[in-house]
file coords.cif (mmCIF, C-alpha atoms and all ligand atoms)
data_structure
#
loop_
_atom_site.label_atom_id
_atom_site.label_comp_id
_atom_site.auth_asym_id
_atom_site.auth_seq_id
_atom_site.Cartn_x
_atom_site.Cartn_y
_atom_site.Cartn_z
CA MET A 177 -16.20 15.25 -4.50
CA THR A 178 -14.13 16.46 -1.60
CA SER A 179 -17.08 17.83 0.35
CA SER A 180 -16.44 15.25 3.06
CA ASP A 181 -13.02 16.84 3.55
CA SER A 182 -14.31 20.27 4.53
CA ALA A 183 -12.72 21.55 7.68
CA ALA A 184 -15.95 21.94 9.59
CA ALA A 185 -15.31 19.91 12.72
CA SER A 186 -13.07 20.98 15.58
CA GLN A 187 -10.40 18.74 17.06
CA ALA A 188 -12.64 18.40 20.13
CA GLU A 189 -15.46 17.02 17.98
CA ILE A 190 -13.14 14.60 16.15
CA SER A 191 -11.60 13.51 19.45
CA ALA A 192 -15.07 12.87 20.89
CA GLU A 193 -15.92 10.67 17.89
CA ILE A 194 -12.64 8.79 18.31
CA ALA A 195 -13.32 8.32 22.03
CA ALA A 196 -16.85 7.05 21.43
CA ILE A 197 -15.63 4.41 18.96
CA SER A 198 -12.90 3.43 21.37
CA ARG A 199 -15.36 3.02 24.28
CA GLU A 200 -17.62 0.90 22.12
CA TYR A 201 -14.65 -1.26 21.16
CA ASP A 202 -13.52 -1.69 24.78
CA ALA A 203 -17.04 -2.81 25.74
CA ARG A 204 -17.23 -5.44 23.01
CA PRO A 205 -18.09 -9.02 23.93
CA GLY A 206 -14.89 -11.02 24.25
CA SER A 207 -12.86 -7.99 25.26
CA GLY A 208 -9.79 -9.16 27.12
CA GLU A 209 -10.01 -12.63 25.59
CA GLY A 210 -7.99 -11.78 22.52
CA ALA A 211 -10.99 -10.93 20.34
CA THR A 212 -9.08 -8.09 18.79
CA GLU A 213 -9.22 -6.19 15.52
CA THR A 214 -5.79 -6.18 13.94
CA ALA A 215 -6.53 -4.08 10.84
CA PRO A 216 -7.80 -0.51 10.45
CA ARG A 217 -11.54 -0.04 10.11
CA LEU A 218 -12.42 0.92 6.57
CA ASP A 219 -15.53 2.67 7.88
CA TYR A 220 -14.06 5.21 10.29
CA PRO A 221 -16.03 8.49 10.11
CA PRO A 222 -13.53 10.63 12.08
CA TYR A 223 -11.35 10.26 8.96
CA ARG A 224 -13.73 12.24 6.78
CA SER A 225 -12.34 11.11 3.44
CA SER A 226 -13.22 7.51 4.31
CA ILE A 227 -16.94 8.21 4.47
CA LEU A 228 -17.60 7.78 0.75
CA ARG A 229 -14.64 5.51 0.08
CA HIS A 230 -15.24 2.44 2.22
CA PRO A 231 -17.06 -0.66 1.03
CA THR A 232 -20.24 -1.36 2.98
CA LYS A 233 -20.32 -5.10 2.33
CA ALA A 234 -18.03 -7.59 4.02
CA PRO A 235 -15.36 -8.92 1.66
CA ARG A 236 -16.16 -12.21 -0.07
CA GLN A 237 -13.88 -14.90 1.26
CA VAL A 238 -12.18 -16.92 -1.45
CA ASP A 239 -9.48 -19.55 -1.55
CA PRO A 240 -6.49 -17.85 -3.10
CA GLU A 241 -5.57 -19.61 -6.31
CA GLY A 242 -3.14 -19.47 -9.17
CA VAL A 243 -1.37 -16.17 -9.49
CA GLU A 244 -2.53 -14.97 -6.05
CA LEU A 245 -0.26 -17.58 -4.46
CA TRP A 246 2.78 -15.87 -5.94
CA ALA A 247 4.22 -12.38 -5.80
CA PRO A 248 5.96 -10.33 -8.45
CA VAL A 249 9.72 -10.76 -8.48
CA PHE A 250 11.96 -7.72 -8.12
CA GLY A 251 15.70 -7.90 -8.54
CA GLU A 252 18.99 -6.05 -8.75
CA LEU A 253 17.85 -4.83 -12.14
CA ASP A 254 14.92 -2.99 -10.58
CA VAL A 255 16.52 -1.23 -7.63
CA ASP A 256 19.79 0.67 -7.45
CA PRO A 257 21.43 0.24 -4.01
CA LEU A 258 21.75 4.05 -3.80
CA GLU A 259 17.96 4.31 -3.70
CA SER A 260 17.97 3.19 -0.05
CA ASP A 261 19.77 6.40 0.99
CA LEU A 262 17.37 9.33 0.77
CA THR A 263 20.08 11.75 1.88
CA VAL A 264 22.34 11.35 -1.16
CA GLN A 265 19.88 11.99 -3.98
CA HIS A 266 20.98 15.61 -4.47
CA ARG A 267 24.18 17.63 -4.38
CA GLY A 268 23.93 18.79 -0.76
CA GLU A 269 22.94 17.44 2.61
CA PRO A 270 19.24 17.68 3.41
CA VAL A 271 18.13 19.67 6.44
CA GLY A 272 17.03 17.77 9.53
CA GLU A 273 17.83 14.85 11.77
CA ARG A 274 19.64 12.15 9.78
CA MET A 275 18.30 8.73 10.79
CA VAL A 276 18.49 5.10 9.85
CA VAL A 277 15.38 2.93 9.85
CA THR A 278 15.84 -0.81 9.61
CA GLY A 279 13.93 -3.96 10.39
CA ARG A 280 12.83 -7.34 9.11
CA VAL A 281 9.96 -8.27 6.86
CA THR A 282 8.55 -11.68 7.77
CA ASP A 283 5.43 -13.59 6.88
CA GLY A 284 2.83 -14.69 9.42
CA GLU A 285 4.87 -17.80 10.15
CA GLY A 286 7.93 -15.72 10.98
CA ARG A 287 9.85 -16.66 7.84
CA PRO A 288 11.93 -13.89 6.25
CA VAL A 289 10.57 -12.32 3.08
CA ARG A 290 13.73 -12.43 1.01
CA ARG A 291 14.87 -10.20 -1.83
CA GLN A 292 11.55 -8.42 -2.01
CA LEU A 293 10.68 -4.79 -2.71
CA VAL A 294 10.18 -2.17 0.02
CA GLU A 295 9.28 1.39 -1.03
CA ILE A 296 9.03 4.41 1.27
CA TRP A 297 7.97 8.02 0.91
CA GLN A 298 7.74 10.84 3.41
CA ALA A 299 7.66 14.55 4.17
CA ASN A 300 10.89 16.46 4.81
CA ALA A 301 12.05 17.67 8.22
CA GLY A 302 9.64 20.61 8.04
CA GLY A 303 6.63 18.41 7.29
CA ARG A 304 6.46 19.23 3.58
CA TYR A 305 6.12 16.75 0.71
CA ILE A 306 7.48 17.29 -2.77
CA HIS A 307 4.00 16.95 -4.20
CA GLN A 308 2.10 19.63 -6.06
CA ARG A 309 -0.96 19.06 -3.89
CA ASP A 310 0.92 19.72 -0.67
CA GLN A 311 0.20 23.39 0.04
CA HIS A 312 1.63 23.44 3.57
CA PRO A 313 3.70 26.66 3.72
CA ALA A 314 6.82 24.99 5.11
CA ALA A 315 10.05 25.10 3.14
CA LEU A 316 10.80 22.60 0.43
CA ASP A 317 14.29 21.17 0.77
CA PRO A 318 16.16 21.18 -2.55
CA ASN A 319 18.31 18.36 -1.17
CA PHE A 320 15.47 16.06 -0.20
CA THR A 321 12.91 14.25 -2.36
CA GLY A 322 11.66 11.83 0.27
CA MET A 323 11.32 8.65 -1.78
CA GLY A 324 13.36 5.47 -1.44
CA ARG A 325 13.43 1.82 -2.41
CA CYS A 326 15.35 -1.25 -1.41
CA LEU A 327 15.28 -5.01 -1.65
CA THR A 328 15.26 -7.05 1.55
CA ASP A 329 18.31 -9.23 2.13
CA ASP A 330 18.37 -13.00 2.69
CA ASP A 331 17.24 -12.47 6.27
CA GLY A 332 14.29 -10.28 5.23
CA ARG A 333 16.08 -7.16 6.41
CA TYR A 334 15.58 -3.69 4.92
CA ARG A 335 17.54 -0.55 5.74
CA PHE A 336 17.05 3.10 4.77
CA THR A 337 19.03 6.22 5.59
CA THR A 338 16.80 9.26 5.61
CA ILE A 339 15.77 12.41 7.50
CA LYS A 340 13.26 12.30 10.33
CA PRO A 341 10.03 13.67 8.84
CA GLY A 342 8.13 16.46 10.55
CA PRO A 343 4.43 16.43 11.46
CA TYR A 344 2.19 18.27 9.01
CA PRO A 345 -1.25 19.87 8.93
CA TRP A 346 -4.08 18.47 6.81
CA ARG A 347 -7.64 19.38 6.12
CA ASN A 348 -9.63 16.63 7.82
CA HIS A 349 -10.84 19.12 10.43
CA HIS A 350 -9.80 22.44 11.94
CA ASN A 351 -6.21 22.38 13.23
CA ALA A 352 -5.68 18.77 12.14
CA TRP A 353 -2.07 17.56 12.27
CA ARG A 354 -0.66 14.19 11.26
CA PRO A 355 1.89 12.58 13.59
CA ALA A 356 5.28 12.26 11.90
CA HIS A 357 5.34 9.14 9.74
CA ILE A 358 7.03 7.32 6.89
CA HIS A 359 4.82 5.61 4.30
CA PHE A 360 5.82 2.01 3.55
CA SER A 361 4.82 -0.18 0.60
CA VAL A 362 5.77 -3.84 1.00
CA PHE A 363 5.40 -6.96 -1.12
CA GLY A 364 5.36 -10.46 0.32
CA ARG A 365 5.91 -13.93 -1.05
CA GLU A 366 2.28 -14.02 -2.16
CA PHE A 367 0.04 -11.40 -3.74
CA THR A 368 -2.35 -11.75 -0.77
CA GLN A 369 0.33 -10.30 1.54
CA ARG A 370 0.51 -6.90 -0.14
CA LEU A 371 0.78 -4.16 2.47
CA VAL A 372 0.80 -0.37 2.37
CA THR A 373 1.08 1.27 5.75
CA GLN A 374 2.72 4.04 7.77
CA MET A 375 5.48 3.87 10.38
CA TYR A 376 5.36 6.26 13.32
CA PHE A 377 7.81 7.47 15.96
CA PRO A 378 7.66 6.65 19.68
CA GLY A 379 5.80 8.97 22.01
CA ASP A 380 4.27 11.26 19.39
CA PRO A 381 1.87 13.67 21.16
CA LEU A 382 -0.38 13.67 18.07
CA PHE A 383 -1.30 9.96 18.25
CA ALA A 384 -4.45 10.49 20.30
CA LEU A 385 -5.67 13.23 17.96
CA ASP A 386 -5.09 11.49 14.62
CA PRO A 387 -8.04 9.66 13.04
CA ILE A 388 -5.83 7.73 10.60
CA TYR A 389 -3.71 6.21 13.37
CA GLN A 390 -6.80 5.72 15.57
CA SER A 391 -8.67 3.91 12.77
CA ILE A 392 -6.87 0.85 14.12
CA VAL A 393 -9.13 0.75 17.15
CA ASP A 394 -7.15 -1.83 19.12
CA PRO A 395 -4.34 -0.09 21.06
CA ALA A 396 -1.94 -3.05 20.84
CA ALA A 397 -2.58 -3.37 17.10
CA ARG A 398 -1.89 0.27 16.30
CA ASP A 399 1.18 0.22 18.53
CA ARG A 400 2.68 -2.20 15.96
CA LEU A 401 3.10 0.78 13.64
CA VAL A 402 5.42 2.58 16.06
CA ALA A 403 9.15 2.12 15.57
CA THR A 404 11.55 1.67 18.47
CA TYR A 405 14.53 3.92 19.06
CA ASP A 406 17.57 1.61 18.99
CA HIS A 407 20.93 2.96 20.09
CA ASP A 408 22.63 -0.02 18.46
CA VAL A 409 21.34 1.26 15.12
CA THR A 410 22.42 4.80 15.93
CA THR A 411 25.90 5.52 14.58
CA HIS A 412 28.62 7.69 16.11
CA GLU A 413 28.48 11.29 14.92
CA TRP A 414 26.30 10.35 11.97
CA ALA A 415 22.68 9.25 12.41
CA THR A 416 20.07 8.20 14.97
CA GLY A 417 18.61 4.73 14.58
CA TYR A 418 15.12 3.25 14.61
CA ARG A 419 14.02 -0.34 14.32
CA TRP A 420 10.68 -1.42 12.90
CA ASP A 421 9.75 -4.96 11.95
CA ILE A 422 6.94 -5.75 9.54
CA VAL A 423 4.83 -8.91 9.71
CA LEU A 424 2.79 -9.79 6.65
CA SER A 425 -0.28 -12.01 6.70
CA GLY A 426 0.13 -15.78 6.71
CA SER A 427 1.12 -17.84 3.70
CA HIS A 428 -1.21 -20.02 1.69
CA ARG A 429 1.28 -21.63 -0.65
CA THR A 430 3.14 -24.75 0.32
CA VAL A 431 6.67 -23.75 1.15
CA PHE A 432 9.17 -25.76 -0.81
CA GLU A 433 12.58 -26.79 0.35
CA GLU A 434 14.40 -24.23 -1.75
CA ASP A 435 12.37 -21.44 -0.16
CA GLU A 436 13.38 -22.56 3.31
CA GLN A 437 16.98 -23.40 2.53
CA MET B 81 2.15 -20.49 15.08
CA SER B 82 0.83 -17.44 13.35
CA LEU B 83 2.10 -13.94 14.07
CA THR B 84 -0.21 -10.95 14.18
CA PRO B 85 0.19 -8.97 10.98
CA THR B 86 1.24 -5.34 10.87
CA PRO B 87 -1.87 -3.22 10.20
CA GLY B 88 -2.28 -1.31 6.96
CA GLN B 89 -2.85 2.42 6.62
CA THR B 90 -4.14 4.58 3.81
CA VAL B 91 -1.82 5.31 0.89
CA GLY B 92 -2.75 8.96 1.53
CA PRO B 93 -2.80 11.87 -0.92
CA PHE B 94 0.93 12.20 -1.59
CA PHE B 95 1.96 8.90 -3.21
CA HIS B 96 2.12 10.27 -6.75
CA TYR B 97 5.77 11.29 -6.66
CA ALA B 98 6.80 8.00 -5.05
CA LEU B 99 4.89 4.94 -6.23
CA PRO B 100 4.26 5.58 -9.94
CA TYR B 101 7.28 5.08 -12.18
CA ALA B 102 8.09 5.25 -15.88
CA GLY B 103 6.36 2.41 -17.69
CA ASP B 104 4.46 1.29 -14.60
CA ALA B 105 1.17 0.65 -16.40
CA GLU B 106 2.71 -0.76 -19.59
CA LEU B 107 3.33 -4.43 -18.91
CA VAL B 108 3.85 -4.62 -22.67
CA PRO B 109 4.28 -1.75 -25.12
CA PRO B 110 0.82 -0.73 -26.41
CA ALA B 111 2.08 -1.03 -29.99
CA ARG B 112 2.76 -4.74 -29.61
CA ALA B 113 0.40 -6.87 -31.70
CA GLU B 114 -0.97 -8.94 -28.79
CA ALA B 115 -1.26 -5.95 -26.43
CA ILE B 116 -4.65 -5.44 -24.88
CA ARG B 117 -5.94 -2.67 -22.68
CA LEU B 118 -7.39 -3.33 -19.23
CA HIS B 119 -8.97 -0.15 -18.00
CA GLY B 120 -11.82 1.35 -16.02
CA ARG B 121 -12.84 4.01 -13.58
CA VAL B 122 -12.74 4.06 -9.81
CA TYR B 123 -15.88 5.57 -8.20
CA ASP B 124 -16.78 6.58 -4.67
CA GLY B 125 -20.10 6.09 -2.88
CA ALA B 126 -21.58 9.23 -4.43
CA GLY B 127 -20.78 7.95 -7.92
CA ASP B 128 -17.98 10.49 -8.33
CA PRO B 129 -14.69 9.40 -9.89
CA VAL B 130 -11.75 8.94 -7.51
CA PRO B 131 -8.81 10.89 -8.98
CA ASP B 132 -6.31 9.83 -6.33
CA ALA B 133 -6.50 6.05 -6.40
CA LEU B 134 -3.82 3.55 -7.36
CA VAL B 135 -4.55 0.18 -8.96
CA GLU B 136 -2.07 -2.68 -9.19
CA VAL B 137 -2.42 -5.68 -11.47
CA TRP B 138 -0.76 -9.07 -11.11
CA GLN B 139 -1.47 -11.75 -13.69
CA THR B 140 -0.40 -14.75 -15.71
CA GLY B 141 0.70 -14.46 -19.31
CA PRO B 142 -1.38 -15.94 -22.15
CA ASP B 143 0.29 -19.34 -21.58
CA GLY B 144 -1.08 -19.45 -18.04
CA ALA B 145 2.34 -19.42 -16.42
CA VAL B 146 2.96 -17.20 -13.41
CA PRO B 147 5.81 -14.83 -14.33
CA GLN B 148 8.71 -15.03 -11.88
CA VAL B 149 11.11 -12.63 -13.55
CA ALA B 150 12.45 -9.27 -12.38
CA GLY B 151 12.12 -6.08 -14.37
CA SER B 152 8.76 -4.54 -13.46
CA LEU B 153 10.42 -1.29 -12.32
CA ARG B 154 12.80 -1.07 -15.29
CA ARG B 155 10.93 -2.44 -18.26
CA ASP B 156 13.03 -3.70 -21.15
CA GLY B 157 10.12 -3.80 -23.58
CA TYR B 158 10.35 -7.57 -24.07
CA THR B 159 10.04 -9.28 -20.70
CA PHE B 160 6.52 -9.90 -19.40
CA THR B 161 6.73 -9.59 -15.59
CA GLY B 162 2.98 -9.82 -14.89
CA PHE B 163 2.97 -6.80 -12.58
CA GLY B 164 1.81 -3.28 -13.23
CA ARG B 165 0.73 -0.16 -11.38
CA ALA B 166 -1.58 2.63 -12.55
CA GLN B 167 -2.66 5.84 -10.85
CA THR B 168 -6.09 7.15 -11.71
CA ASP B 169 -6.26 10.40 -13.65
CA ARG B 170 -8.50 13.33 -12.81
CA THR B 171 -11.47 11.46 -14.23
CA GLY B 172 -10.81 8.42 -12.03
CA HIS B 173 -9.58 6.44 -15.03
CA TYR B 174 -6.84 3.81 -14.82
CA ARG B 175 -5.45 1.79 -17.69
CA PHE B 176 -2.94 -0.95 -18.32
CA SER B 177 -1.37 -2.14 -21.55
CA THR B 178 -0.94 -5.84 -21.00
CA LEU B 179 -1.54 -9.35 -22.30
CA ARG B 180 -4.56 -11.59 -22.01
CA PRO B 181 -4.13 -13.82 -18.93
CA GLY B 182 -4.27 -17.57 -19.43
CA ALA B 183 -4.93 -20.42 -17.02
CA LEU B 184 -2.59 -23.34 -16.54
CA SER B 185 -5.14 -25.91 -15.47
CA SER B 186 -8.74 -26.36 -16.51
CA ALA B 187 -9.67 -25.92 -12.83
CA GLY B 188 -8.89 -22.22 -12.59
CA ALA B 189 -10.40 -19.52 -14.75
CA PRO B 190 -8.03 -16.79 -15.91
CA TYR B 191 -8.28 -13.43 -14.19
CA PHE B 192 -6.40 -10.24 -13.42
CA ALA B 193 -5.64 -9.99 -9.68
CA LEU B 194 -6.14 -6.36 -8.64
CA THR B 195 -5.24 -4.34 -5.56
CA VAL B 196 -6.84 -0.95 -4.96
CA PHE B 197 -5.42 1.89 -2.87
CA ALA B 198 -6.74 5.45 -2.44
CA ARG B 199 -6.68 8.48 -0.24
CA GLY B 200 -9.61 7.94 2.14
CA LEU B 201 -9.33 4.16 1.84
CA LEU B 202 -7.78 2.99 5.10
CA ASP B 203 -6.50 -0.37 3.84
CA ARG B 204 -5.89 -1.95 0.46
CA LEU B 205 -8.69 -3.87 -1.24
CA PHE B 206 -8.29 -7.03 -3.29
CA THR B 207 -10.47 -8.08 -6.19
CA ARG B 208 -10.29 -10.05 -9.44
CA ALA B 209 -11.25 -9.06 -12.96
CA TYR B 210 -12.22 -12.24 -14.83
CA LEU B 211 -12.28 -12.54 -18.56
CA PRO B 212 -15.86 -12.30 -19.92
CA GLY B 213 -17.74 -15.54 -19.38
CA ALA B 214 -14.92 -17.08 -17.33
CA ALA B 215 -15.88 -16.31 -13.73
CA PRO B 216 -17.23 -19.00 -11.41
CA ALA B 217 -20.95 -18.46 -10.76
CA GLU B 218 -20.50 -16.94 -7.30
CA LEU B 219 -18.07 -14.34 -8.67
CA ALA B 220 -19.95 -13.58 -11.89
CA ALA B 221 -20.14 -9.91 -10.86
CA LEU B 222 -16.37 -9.73 -11.33
CA GLU B 223 -16.32 -10.28 -15.07
CA ALA B 224 -14.71 -7.56 -17.13
CA VAL B 225 -16.60 -6.21 -20.13
CA PRO B 226 -15.01 -6.55 -23.56
CA ASP B 227 -14.35 -3.46 -25.64
CA ASP B 228 -12.57 -2.87 -28.94
CA ARG B 229 -9.06 -3.07 -27.48
CA GLY B 230 -9.44 -5.29 -24.44
CA PHE B 231 -11.48 -5.19 -21.27
CA VAL B 232 -13.23 -2.66 -19.07
CA PHE B 233 -13.41 -3.17 -15.32
CA ASP B 234 -14.87 -0.37 -13.21
CA ILE B 235 -14.27 -0.32 -9.47
CA ARG B 236 -17.00 1.01 -7.19
CA LEU B 237 -15.76 1.48 -3.65
CA GLN B 238 -19.23 1.86 -2.18
CA GLY B 239 -22.91 1.86 -3.04
CA GLU B 240 -25.62 -0.05 -4.82
CA ASP B 241 -23.36 -1.84 -7.27
CA GLU B 242 -20.31 -1.92 -5.03
CA THR B 243 -17.48 -4.06 -6.40
CA VAL B 244 -17.12 -7.46 -4.78
CA PHE B 245 -13.88 -7.24 -2.81
CA LEU B 246 -12.14 -10.36 -1.63
CA SER B 247 -10.51 -11.70 1.50
CA HIS B 248 -8.36 -14.80 1.42
CA ALA B 249 -9.24 -17.90 3.41
CA ARG B 250 -6.61 -19.42 5.69
CA ASP B 251 -6.56 -23.16 6.16
FE FE A 501 1.89 11.23 4.80
#
call {"tool": "encode", "arguments": {"input": "coords.cif", "output": "structure tokens"}}
result
Amino acid sequence: MTSSDSAAASQAEISAEIAAISREYDARPGSGEGATETAPRLDYPPYRSSILRHPTKAPRQVDPEGVELWAPVFGELDVDPLESDLTVQHRGEPVGERMVVTGRVTDGEGRPVRRQLVEIWQANAGGRYIHQRDQHPAALDPNFTGMGRCLTDDDGRYRFTTIKPGPYPWRNHHNAWRPAHIHFSVFGREFTQRLVTQMYFPGDPLFALDPIYQSIVDPAARDRLVATYDHDVTTHEWATGYRWDIVLSGSHRTVFEEDEQ
Amino acid sequence: MSLTPTPGQTVGPFFHYALPYAGDAELVPPARAEAIRLHGRVYDGAGDPVPDALVEVWQTGPDGAVPQVAGSLRRDGYTFTGFGRAQTDRTGHYRFSTLRPGALSSAGAPYFALTVFARGLLDRLFTRAYLPGAAPAELAALEAVPDDRGFVFDIRLQGEDETVFLSHARD
């Protein structure tokens, strides 16, 4: 069942596949007129594990109704404020570059997504996950689990203190390496806005080589996953700072006065 | 004005230590009298089970009301929050202990709203599992099958009998 994961291809072969898809996209009718793809392609063969796991039929368009127009509610009960600091979950300081990542979650109309759940998970500074399936022979850090949660504030803002994750190898092809990233899971005001994605760091030399990042074939669209270094977020003698805003899809539900305040 | 949404990315292979949590798939304790089971298998295009998928459910309670109460991450055993999360096991099986969804108006048929994530799946997929006999004609393929303790709803990511996945119209 993982035959499509076998490390047969070279990076050169994967890169050639990525380049061919990119050329085809650049030559599309309407190119330059804003006819852009804003989501990853589900069918993206350079990411070998997608080959048997993408639907072949276009999704059926429906009018969202009933429960889909609402999102689950999370509250103070669900999330301890300490969960937003991934560096204090153990007795000692984790190894690596301490960093803060913060930003706003808004809907497609630019309204803040208030008091909603954001979950993150990531590798440690050496590129190793605390996960039994991660066999990368880099050190585990006894002071770092790499999982955090928070609720957005009334302005839609989230904030995590963590360690900058390292890049890590994977088995998509020979000598495959993922650019450093933090996984994000975000809820909106409606079920239809559910988002799971990955945040990357500026200028990563692995971007061009990575089929998961490149599965978003539009360069401007995939650039939305890259955080910005922000010296105003950086704190004196403590942590570097990155800013990354998240925009969810548009709303369907009528927004009532109390939502807008 | 509509802003361009942030693109999704695959949930990847390493979500198991982060997203699942104690009680995630038990919206109600299985021992409760009205508890039902919603379960099924996730399959890939070769018909093999997908052991590293994650399914989320979001639903009304039996009275048809949309729950708007906190507590999904720290279940108290009494409050029905309407949200649950289940990772597939090594046989691709997911299961929820939950309540039968109701519909508030006669216009809408009751269903379980489902989101599917997996390693190899580059973005989340949405679908609905309707109660048997309740789906509108054009979504009849999305009816769950009754069994002795609730409903079965298999998810086929690809192939001949691929699950009907949904996108949401904007007006
Ligand atoms: Fe990762």
call {"tool": "closest_residue", "arguments": {"input": "coords.cif", "among": "B:Pro212, B:Pro93, B:Gly239, B:Gly88", "to": "ligand FE 501 (chain A)", "atoms": "all atoms listed in the file"}}
result
B:Pro93
call {"tool": "atom_distance", "arguments": {"input": "coords.cif", "atom1": "atom CA of B:Gly164", "atom2": "atom CA of B:Asp104"}}
result
5.5 Å
call {"tool": "residues_near_ligand", "arguments": {"input": "coords.cif", "ligand": "ligand FE 501 (chain A)", "cutoff": "7 Å", "atoms": "all atoms listed in the file", "output": "PDB file with C-alpha atoms, in the frame of the given file"}}
result
ATOM      1  CA  GLN A 298       7.740  10.840   3.410  1.00  0.00           C
ATOM      2  CA  ALA A 299       7.660  14.550   4.170  1.00  0.00           C
ATOM      3  CA  HIS A 357       5.340   9.140   9.740  1.00  0.00           C
ATOM      4  CA  ILE A 358       7.030   7.320   6.890  1.00  0.00           C
ATOM      5  CA  HIS A 359       4.820   5.610   4.300  1.00  0.00           C
TER       6      HIS A 359
ATOM      7  CA  GLY B  92      -2.750   8.960   1.530  1.00  0.00           C
ATOM      8  CA  PHE B  94       0.930  12.200  -1.590  1.00  0.00           C
TER       9      PHE B  94
END
call {"tool": "residues_near_point", "arguments": {"input": "coords.cif", "point": "(12.1, 5.8, 21.4)", "cutoff": "10 Å", "atoms": "only C-alpha atoms", "output": "PDB file with C-alpha atoms, in the coordinates of the input"}}
result
ATOM      1  CA  PHE A 377       7.810   7.470  15.960  1.00  0.00           C
ATOM      2  CA  PRO A 378       7.660   6.650  19.680  1.00  0.00           C
ATOM      3  CA  GLY A 379       5.800   8.970  22.010  1.00  0.00           C
ATOM      4  CA  ASP A 380       4.270  11.260  19.390  1.00  0.00           C
ATOM      5  CA  VAL A 402       5.420   2.580  16.060  1.00  0.00           C
ATOM      6  CA  ALA A 403       9.150   2.120  15.570  1.00  0.00           C
ATOM      7  CA  THR A 404      11.550   1.670  18.470  1.00  0.00           C
ATOM      8  CA  TYR A 405      14.530   3.920  19.060  1.00  0.00           C
ATOM      9  CA  ASP A 406      17.570   1.610  18.990  1.00  0.00           C
ATOM     10  CA  HIS A 407      20.930   2.960  20.090  1.00  0.00           C
ATOM     11  CA  GLY A 417      18.610   4.730  14.580  1.00  0.00           C
ATOM     12  CA  TYR A 418      15.120   3.250  14.610  1.00  0.00           C
ATOM     13  CA  ARG A 419      14.020  -0.340  14.320  1.00  0.00           C
TER      14      ARG A 419
END
call {"tool": "closest_atom_pairs", "arguments": {"input": "coords.cif", "of": "stretch 285-357 of chain A", "to": "stretch 234-258 of chain A", "cutoff": "9 Å", "atoms": "only C-alpha atoms", "output": "CSV"}}
result
residue,atom,partner,partner_atom,distance
A:Arg291,CA,A:Gly251,CA,7.1
A:Gln292,CA,A:Phe250,CA,6.2
A:Leu293,CA,A:Phe250,CA,6.3
A:Gly324,CA,A:Leu258,CA,8.8
A:Arg325,CA,A:Val255,CA,6.8
A:Cys326,CA,A:Val255,CA,6.3
A:Leu327,CA,A:Val255,CA,7.2
call {"tool": "residues_around", "arguments": {"input": "coords.cif", "residues": "A:Val362", "least_positions_apart": "2", "cutoff": "10 Å", "atoms": "all atoms listed in the file", "output": "ChimeraX atom specification"}}
result
/A:281,289,292-296,327,360,364,369-373,422,424
call {"tool": "closest_residue", "arguments": {"input": "coords.cif", "among": "B:Thr168, B:Gln139, B:Thr90, B:Thr161", "to": "A:Met375", "atoms": "all atoms listed in the file"}}
result
B:Thr90
call {"tool": "closest_residue", "arguments": {"input": "coords.cif", "among": "B:Ala133, B:Ala215, B:Leu246, B:Ala111", "to": "B:Thr171", "atoms": "only C-alpha atoms"}}
result
B:Ala133
call {"tool": "interface_residues", "arguments": {"input": "coords.cif", "of": "chain B", "to": "chain A", "cutoff": "6 Å", "atoms": "all atoms listed in the file", "output": "short mmCIF file (atom, residue, chain, number, x, y, z; two decimals) with C-alpha atoms, in the frame of the given file"}}
result
data_model
loop_
_atom_site.label_atom_id
_atom_site.label_comp_id
_atom_site.auth_asym_id
_atom_site.auth_seq_id
_atom_site.Cartn_x
_atom_site.Cartn_y
_atom_site.Cartn_z
CA SER B 82 0.83 -17.44 13.35
CA LEU B 83 2.10 -13.94 14.07
CA PRO B 85 0.19 -8.97 10.98
CA THR B 86 1.24 -5.34 10.87
CA PRO B 87 -1.87 -3.22 10.20
CA GLY B 88 -2.28 -1.31 6.96
CA GLN B 89 -2.85 2.42 6.62
CA ALA B 98 6.80 8.00 -5.05
CA ASP B 124 -16.78 6.58 -4.67
CA GLY B 125 -20.10 6.09 -2.88
CA VAL B 146 2.96 -17.20 -13.41
CA GLN B 148 8.71 -15.03 -11.88
CA VAL B 149 11.11 -12.63 -13.55
CA ALA B 150 12.45 -9.27 -12.38
CA GLY B 151 12.12 -6.08 -14.37
CA LEU B 153 10.42 -1.29 -12.32
CA ARG B 154 12.80 -1.07 -15.29
CA GLY B 200 -9.61 7.94 2.14
CA LEU B 201 -9.33 4.16 1.84
CA LEU B 202 -7.78 2.99 5.10
CA LEU B 237 -15.76 1.48 -3.65
CA GLN B 238 -19.23 1.86 -2.18
CA PHE B 245 -13.88 -7.24 -2.81
CA LEU B 246 -12.14 -10.36 -1.63
CA SER B 247 -10.51 -11.70 1.50
CA HIS B 248 -8.36 -14.80 1.42
CA ALA B 249 -9.24 -17.90 3.41
#
call {"tool": "axis_aligned_box", "arguments": {"input": "coords.cif", "around": "stretch 190-198 of chain B", "padding_each_side": "3 Å", "output": "JSON"}}
result
{"center_x": -6.8, "center_y": -5.7, "center_z": -9.2, "size_x": 9.0, "size_y": 28.2, "size_z": 19.5}
